[in-house]
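Quick look at upload-v8.txt (compact mmCIF, C-alpha atoms):
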```
# COMPACT_ATOMS: atom_id res chain seq x y z
CA MET A 261 0.00 0.00 0.00
CA ILE A 262 1.37 3.38 -1.02
CA ASP A 263 0.07 6.81 0.00
CA VAL A 264 -0.39 8.84 -3.15
CA LEU A 265 -0.56 12.64 -2.72
CA TYR A 266 -1.67 15.28 -5.20
CA PHE A 267 -0.95 19.00 -5.06
CA ALA A 268 -2.10 22.17 -6.81
CA TRP A 269 -3.99 21.60 -10.10
CA VAL A 270 -3.25 17.87 -9.98
CA ARG A 271 -5.20 17.72 -6.71
CA GLU A 272 -8.03 19.78 -8.22
CA ARG A 273 -8.22 17.64 -11.35
CA ILE A 274 -8.26 14.35 -9.45
CA GLY A 275 -10.55 15.77 -6.80
CA LYS A 276 -8.75 14.65 -3.65
CA PRO A 277 -5.50 15.50 -1.83
CA ARG A 278 -4.40 11.93 -1.10
CA GLU A 279 -5.40 8.29 -1.21
CA ALA A 280 -3.99 4.90 -0.25
CA VAL A 281 -3.33 2.83 -3.37
CA GLU A 282 -2.94 -0.94 -3.42
CA THR A 283 -0.32 -1.50 -6.09
CA GLN A 284 2.51 -3.73 -7.24
CA ALA A 285 3.84 -1.08 -9.62
CA ALA A 286 7.60 -1.37 -10.03
CA THR A 287 8.22 2.27 -10.94
CA VAL A 288 6.51 5.66 -10.75
CA ALA A 289 5.69 5.37 -14.47
CA ASP A 290 3.97 2.01 -13.86
CA LEU A 291 1.93 3.56 -11.04
CA VAL A 292 0.88 6.39 -13.36
CA GLU A 293 -0.32 3.86 -15.96
CA GLU A 294 -2.38 2.06 -13.30
CA LEU A 295 -3.93 5.33 -12.08
CA LYS A 296 -4.75 6.47 -15.64
CA LYS A 297 -6.89 3.36 -16.13
CA ARG A 298 -9.05 4.18 -13.11
CA GLU A 299 -11.21 7.05 -14.33
CA PRO A 300 -11.11 9.79 -16.99
CA ARG A 301 -10.12 12.43 -14.40
CA TYR A 302 -6.92 10.48 -13.66
CA ALA A 303 -6.22 10.10 -17.38
CA ALA A 304 -6.73 13.86 -17.74
CA ALA A 305 -4.45 14.72 -14.84
CA PHE A 306 -1.68 12.44 -16.14
CA ALA A 307 -2.19 13.16 -19.86
CA ASP A 308 1.08 15.10 -20.13
CA VAL A 309 3.58 13.85 -17.56
CA SER A 310 6.19 16.30 -18.84
CA ALA A 311 4.08 18.96 -17.07
CA LEU A 312 4.36 17.04 -13.79
CA ARG A 313 6.97 16.51 -11.12
CA VAL A 314 7.12 13.61 -8.70
CA ALA A 315 8.49 12.97 -5.23
CA VAL A 316 9.06 9.56 -3.69
CA ASP A 317 9.15 9.56 0.12
CA GLN A 318 9.42 13.36 0.06
CA GLU A 319 12.49 13.48 -2.21
CA LEU A 320 12.29 14.70 -5.81
CA ALA A 321 12.37 11.71 -8.13
CA ASP A 322 11.84 10.68 -11.76
CA PHE A 323 9.13 8.69 -13.46
CA SER A 324 11.66 5.87 -13.81
CA THR A 325 12.32 5.78 -10.03
CA PRO A 326 11.65 2.32 -8.54
CA LEU A 327 8.90 2.06 -5.92
CA SER A 328 10.27 -0.86 -3.92
CA GLY A 329 9.82 0.01 -0.25
CA ALA A 330 8.31 3.43 -1.04
CA ARG A 331 5.62 4.63 1.39
CA GLU A 332 4.63 7.93 -0.19
CA VAL A 333 4.48 9.19 -3.78
CA ALA A 334 3.43 12.75 -4.63
CA PHE A 335 2.50 14.28 -7.98
CA PHE A 336 2.49 18.02 -8.60
CA PRO A 337 3.20 20.74 -11.17
CA PRO A 338 6.61 22.47 -11.28
CA MET A 339 7.15 24.29 -7.98
CA THR A 340 6.77 28.04 -7.56
CA GLY A 341 8.36 28.99 -4.26
CA GLY A 342 9.94 32.28 -3.23
CA MET B 20 21.80 22.18 12.15
CA SER B 21 24.92 24.28 11.85
CA GLY B 22 25.15 28.06 12.13
CA ALA B 23 22.56 30.64 13.16
CA GLY B 24 19.15 31.02 11.58
CA GLY B 25 17.31 27.92 10.36
CA VAL B 26 14.16 27.17 8.45
CA ARG B 27 10.55 28.04 9.26
CA VAL B 28 7.35 27.32 7.34
CA GLN B 29 4.35 29.13 8.79
CA ARG B 30 0.92 30.51 8.06
CA GLU B 31 1.34 33.64 10.23
CA ALA B 32 2.90 36.90 9.12
CA PHE B 33 6.42 37.59 10.33
CA ASP B 34 8.00 40.77 11.68
CA LEU B 35 10.85 41.52 9.27
CA GLY B 36 12.61 43.92 11.64
CA ALA B 37 12.45 41.50 14.55
CA GLU B 38 13.67 38.60 12.37
CA LEU B 39 16.65 40.59 11.13
CA GLU B 40 17.55 41.90 14.57
CA ALA B 41 17.44 38.41 16.06
CA PHE B 42 19.51 37.03 13.18
CA GLU B 43 22.00 39.88 13.48
CA ALA B 44 22.34 39.25 17.22
CA ALA B 45 22.83 35.52 16.65
CA THR B 46 25.60 36.21 14.12
CA SER B 47 27.13 39.20 15.91
CA GLY B 48 30.71 40.05 14.99
CA THR B 49 30.39 38.49 11.55
CA GLY B 50 30.71 41.61 9.38
CA ALA B 51 28.10 41.27 6.64
CA MET B 52 24.40 40.47 6.56
CA VAL B 53 22.19 40.30 3.44
CA SER B 54 18.42 39.82 3.33
CA PHE B 55 15.78 39.40 0.65
CA THR B 56 12.02 39.68 1.12
CA GLY B 57 9.39 38.43 -1.31
CA ILE B 58 6.12 40.40 -1.34
CA VAL B 59 2.79 39.59 -3.03
CA ARG B 60 2.69 41.64 -6.23
CA ASP B 61 -0.48 42.53 -8.08
CA ASP B 62 0.19 41.76 -11.76
CA ALA B 63 -3.54 41.98 -12.53
CA GLY B 64 -3.81 45.77 -12.61
CA GLY B 65 -5.33 46.14 -9.16
CA ARG B 66 -7.69 43.17 -9.49
CA LEU B 67 -5.68 40.70 -7.42
CA ASP B 68 -7.70 39.82 -4.34
CA ARG B 69 -5.28 37.30 -2.84
CA MET B 70 -2.67 34.68 -3.49
CA GLU B 71 -3.10 31.25 -1.94
CA ILE B 72 0.05 29.30 -1.31
CA GLU B 73 -0.13 25.55 -0.98
CA HIS B 74 2.79 23.41 0.20
CA TYR B 75 3.76 19.83 0.96
CA PRO B 76 4.09 19.57 4.76
CA GLY B 77 7.10 17.45 5.62
CA MET B 78 8.77 17.65 2.24
CA THR B 79 8.80 21.45 2.37
CA GLU B 80 10.81 21.51 5.58
CA ARG B 81 13.19 18.83 4.27
CA ALA B 82 13.72 20.66 0.98
CA LEU B 83 14.39 23.99 2.72
CA GLU B 84 16.80 22.36 5.21
CA LYS B 85 18.70 20.84 2.29
CA ILE B 86 18.89 24.12 0.37
CA ARG B 87 20.12 25.86 3.52
CA ALA B 88 22.67 23.13 4.29
CA ASP B 89 23.98 23.31 0.70
CA ALA B 90 24.47 27.09 1.05
CA MET B 91 26.19 26.68 4.43
CA GLU B 92 28.58 24.16 2.90
CA ARG B 93 29.31 26.18 -0.21
CA TRP B 94 30.07 29.50 1.48
CA ASP B 95 31.70 30.28 4.80
CA LEU B 96 28.52 31.54 6.49
CA ALA B 97 27.86 32.34 10.12
CA GLY B 98 24.21 31.62 9.47
CA ALA B 99 21.34 31.39 7.03
CA LEU B 100 17.65 31.95 7.71
CA ILE B 101 14.67 30.98 5.55
CA VAL B 102 11.10 31.92 6.53
CA HIS B 103 8.32 31.00 4.07
CA ARG B 104 4.58 31.44 4.52
CA TYR B 105 1.65 29.48 3.15
CA GLY B 106 -2.11 30.12 3.10
CA ALA B 107 -3.98 33.18 1.83
CA LEU B 108 -1.93 36.37 1.36
CA ARG B 109 -3.10 39.79 0.18
CA PRO B 110 -1.18 42.09 -2.19
CA GLY B 111 1.61 43.81 -0.29
CA GLU B 112 1.95 41.04 2.28
CA ARG B 113 5.32 39.39 2.82
CA ILE B 114 5.53 35.87 1.41
CA MET B 115 9.00 34.90 2.50
CA MET B 116 12.45 36.08 3.49
CA VAL B 117 15.99 34.83 3.49
CA ALA B 118 18.95 36.26 5.39
CA THR B 119 22.60 35.28 5.26
CA ALA B 120 25.58 36.35 7.37
CA ALA B 121 29.24 36.06 6.46
CA ARG B 122 32.55 37.83 7.08
CA HIS B 123 32.34 39.61 3.73
CA ARG B 124 29.47 40.84 1.59
CA LYS B 125 30.27 38.78 -1.52
CA ALA B 126 29.63 35.46 0.20
CA ALA B 127 26.51 36.85 1.89
CA PHE B 128 25.05 38.16 -1.40
CA ALA B 129 25.94 35.01 -3.36
CA ALA B 130 24.48 32.70 -0.71
CA ALA B 131 21.25 34.74 -0.56
CA GLU B 132 20.89 34.48 -4.37
CA PHE B 133 21.59 30.76 -4.22
CA LEU B 134 18.89 30.30 -1.57
CA MET B 135 16.39 32.25 -3.68
CA ASP B 136 17.20 30.41 -6.92
CA TYR B 137 16.67 27.03 -5.27
CA LEU B 138 13.59 28.15 -3.34
CA LYS B 139 11.95 29.16 -6.63
CA SER B 140 12.00 25.74 -8.24
CA ARG B 141 13.09 23.15 -5.66
CA ALA B 142 10.85 23.94 -2.69
CA PRO B 143 7.35 22.39 -2.92
CA PHE B 144 5.18 25.51 -2.92
CA TRP B 145 2.47 26.35 -5.43
CA LYS B 146 0.76 29.72 -5.84
CA LYS B 147 -2.77 30.38 -7.00
CA GLU B 148 -3.92 33.91 -7.79
CA TYR B 149 -7.51 34.96 -7.16
CA THR B 150 -8.70 37.98 -9.15
CA SER B 151 -12.13 39.36 -9.98
CA ASP B 152 -11.90 37.26 -13.18
CA GLY B 153 -11.39 33.97 -11.36
CA ALA B 154 -8.50 31.89 -10.09
CA GLU B 155 -5.35 30.73 -11.82
CA TRP B 156 -2.28 28.72 -10.81
CA VAL B 157 0.97 30.62 -11.24
CA ALA B 158 3.08 28.78 -13.84
CA ALA B 159 6.72 28.05 -13.17
CA LYS B 160 9.07 30.14 -15.28
CA GLU B 161 11.67 28.54 -17.50
CA GLU B 162 14.18 31.19 -16.48
CA ASP B 163 13.81 30.11 -12.84
CA GLU B 164 14.80 26.56 -13.76
CA ALA B 165 17.60 27.87 -15.98
CA ALA B 166 18.91 30.01 -13.12
CA LEU B 167 20.04 26.86 -11.29
CA THR B 168 22.65 26.09 -13.95
CA ARG B 169 24.83 28.99 -12.81
CA TRP B 170 25.49 27.21 -9.53
```

Full structure transcribed into structure tokens:
Amino acid sequence: MIDVLYFAWVRERIGKPREAVETQAATVADLVEELKKREPRYAAAFADVSALRVAVDQELADFSTPLSGAREVAFFPPMTGG
Amino acid sequence: MSGAGGVRVQREAFDLGAELEAFEAATSGTGAMVSFTGIVRDDAGGRLDRMEIEHYPGMTERALEKIRADAMERWDLAGALIVHRYGALRPGERIMMVATAARHRKAAFAAAEFLMDYLKSRAPFWKKEYTSDGAEWVAAKEEDEAALTRW
């Protein structure tokens, strides 16, 4: 079970800030493919992954990052701090 | 954590003068102190009602600690302070501040710029602007990402 978090417009498009996902996905990209199959709003949110950033266990990661042992995965648009 | 200052993520406003005086006292005898303050700007011709800043509790603190630690390692600093707010902010309100202290101004200026460049695109904050026309997420700027290459 992995906690999946969504921020900013990704959260708005999917309609929730977080959810627990039962998955055997090997990588972030595999998890995205599983989520896209759920409902059209997931497919819409993940339509262009180049517009998204991802963090695994609160560290910036890539879509090729393995998920073995990961507890938390977050998807969000490019950050705008400062 | 090494050096004076530290990292704070908070909803409340902060007192810039009090922050700088406390930081100056904690780094007394150092020689040079630089600070930068980010303020909500109305780019909508007076129609900006507020900016709402969302963040990723937990990761935000970790990311800011890392940016600060990298600056402390790269320059010989007596301290570095990062304060960043989240929640609803009105035009003219302070969003965030950084302060750095070093023996000489060059290191203090460079470290403050480094902190700001990394805060812009490596700290998990997102801004949404609410105007009389509706609400819109602030898009990241390519030049902010490009600014990291100079370090």

Residue hits in chain A, query chain B, radius 9 Å, all atoms listed in the file, as an mmCIF file with C-alpha atoms, in the coordinates of the input:
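Result saved to iface-v9.cif:
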```cif
data_model
loop_
_atom_site.group_PDB
_atom_site.id
_atom_site.type_symbol
_atom_site.label_atom_id
_atom_site.label_comp_id
_atom_site.auth_asym_id
_atom_site.auth_seq_id
_atom_site.Cartn_x
_atom_site.Cartn_y
_atom_site.Cartn_z
ATOM 1 C CA PHE A 267 -0.950 19.000 -5.060
ATOM 2 C CA ALA A 268 -2.100 22.170 -6.810
ATOM 3 C CA TRP A 269 -3.990 21.600 -10.100
ATOM 4 C CA ALA A 315 8.490 12.970 -5.230
ATOM 5 C CA ASP A 317 9.150 9.560 0.120
ATOM 6 C CA GLN A 318 9.420 13.360 0.060
ATOM 7 C CA GLU A 319 12.490 13.480 -2.210
ATOM 8 C CA LEU A 320 12.290 14.700 -5.810
ATOM 9 C CA PHE A 336 2.490 18.020 -8.600
ATOM 10 C CA PRO A 337 3.200 20.740 -11.170
ATOM 11 C CA PRO A 338 6.610 22.470 -11.280
ATOM 12 C CA MET A 339 7.150 24.290 -7.980
ATOM 13 C CA THR A 340 6.770 28.040 -7.560
ATOM 14 C CA GLY A 341 8.360 28.990 -4.260
ATOM 15 C CA GLY A 342 9.940 32.280 -3.230
#
```

Exercise for review: Counting only C-alpha atoms, note down every residue that has an atom within 10 Å of the point (-6.0, 1.7, -2.6) (file coordinates), as a count of residues only.
Suggested key: 9

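Summary of the local environment: counting only C-alpha atoms, residues at most 6 Å from A:Pro277, other than itself and those fewer than 2 positions away along its chain, are Leu265, Tyr266 and Arg271 of chain A.
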
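A straight line drawn from atom CA of B:Pro110 to atom CA of B:Val59 is 4.8 Å long.
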
Check your understanding: If we count all atoms listed in the file, what is near B:Met52 at a cut-off of 10 Å, once residues fewer than 3 positions away on the same chain are taken out, given as a VMD selection string?
Key -> chain B and resid 39 42 to 43 46 to 47 49 96 to 99 118 to 124 126 to 128 131

Include C-alpha atoms and write out the residues we just selected as a CSV table (one decimal), in the frame of the given file.
```
chain,number,residue,atom,x,y,z
B,39,LEU,CA,16.6,40.6,11.1
B,42,PHE,CA,19.5,37.0,13.2
B,43,GLU,CA,22.0,39.9,13.5
B,46,THR,CA,25.6,36.2,14.1
B,47,SER,CA,27.1,39.2,15.9
B,49,THR,CA,30.4,38.5,11.6
B,96,LEU,CA,28.5,31.5,6.5
B,97,ALA,CA,27.9,32.3,10.1
B,98,GLY,CA,24.2,31.6,9.5
B,99,ALA,CA,21.3,31.4,7.0
B,118,ALA,CA,19.0,36.3,5.4
B,119,THR,CA,22.6,35.3,5.3
B,120,ALA,CA,25.6,36.4,7.4
B,121,ALA,CA,29.2,36.1,6.5
B,122,ARG,CA,32.6,37.8,7.1
B,123,HIS,CA,32.3,39.6,3.7
B,124,ARG,CA,29.5,40.8,1.6
B,126,ALA,CA,29.6,35.5,0.2
B,127,ALA,CA,26.5,36.8,1.9
B,128,PHE,CA,25.0,38.2,-1.4
B,131,ALA,CA,21.2,34.7,-0.6
```

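As for atom CA of A:Ala289 and atom CA of A:Phe323, they are spaced 4.9 Å apart.
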
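For the atom pair formed by atom CA of B:Gly50 and atom CA of B:Phe33, the distance is 24.6 Å, given to one decimal.
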
Practice item. Quick one: everything within 10 Å of A:Asp322, counting all atoms listed in the file, minus sequence neighbours fewer than 6 positions away in the same chain. Send it as a PyMOL selection string. Key: chain A and resi 287-289+313-316

Take every atom of stretch 103-121 of chain B listed in the file, pad by 5 Å on each side, and give me the axis-aligned box centre and edge lengths in Å, one decimal, as JSON.
```
{"center_x": 12.6, "center_y": 36.6, "center_z": 2.6, "size_x": 43.2, "size_y": 24.3, "size_z": 19.6}
```

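Among the candidates A:Arg278, A:Arg331, A:Thr325, A:Arg273, the residue lying nearest to A:Glu299 is A:Arg273 (atoms considered: only C-alpha atoms).
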
Determine, counting all atoms listed in the file, every residue of protein, DNA or RNA that lies within 7 Å of (-1.3, 28.2, 5.8) in the file coordinates, then give the result as a PDB file with C-alpha atoms, in the coordinates of the input.
```
ATOM      1  CA  GLN B  29       4.350  29.130   8.790  1.00  0.00           C
ATOM      2  CA  ARG B  30       0.920  30.510   8.060  1.00  0.00           C
ATOM      3  CA  ARG B 104       4.580  31.440   4.520  1.00  0.00           C
ATOM      4  CA  TYR B 105       1.650  29.480   3.150  1.00  0.00           C
ATOM      5  CA  GLY B 106      -2.110  30.120   3.100  1.00  0.00           C
ATOM      6  CA  ALA B 107      -3.980  33.180   1.830  1.00  0.00           C
TER       7      ALA B 107
END
```

Exercise for review: Within 10 Å of A:Pro300, counting all atoms listed in the file, which residues show up once you throw out same-chain ones fewer than 6 positions away? Write them as a ChimeraX atom specification, please.
Suggested key: /A:274,306-307
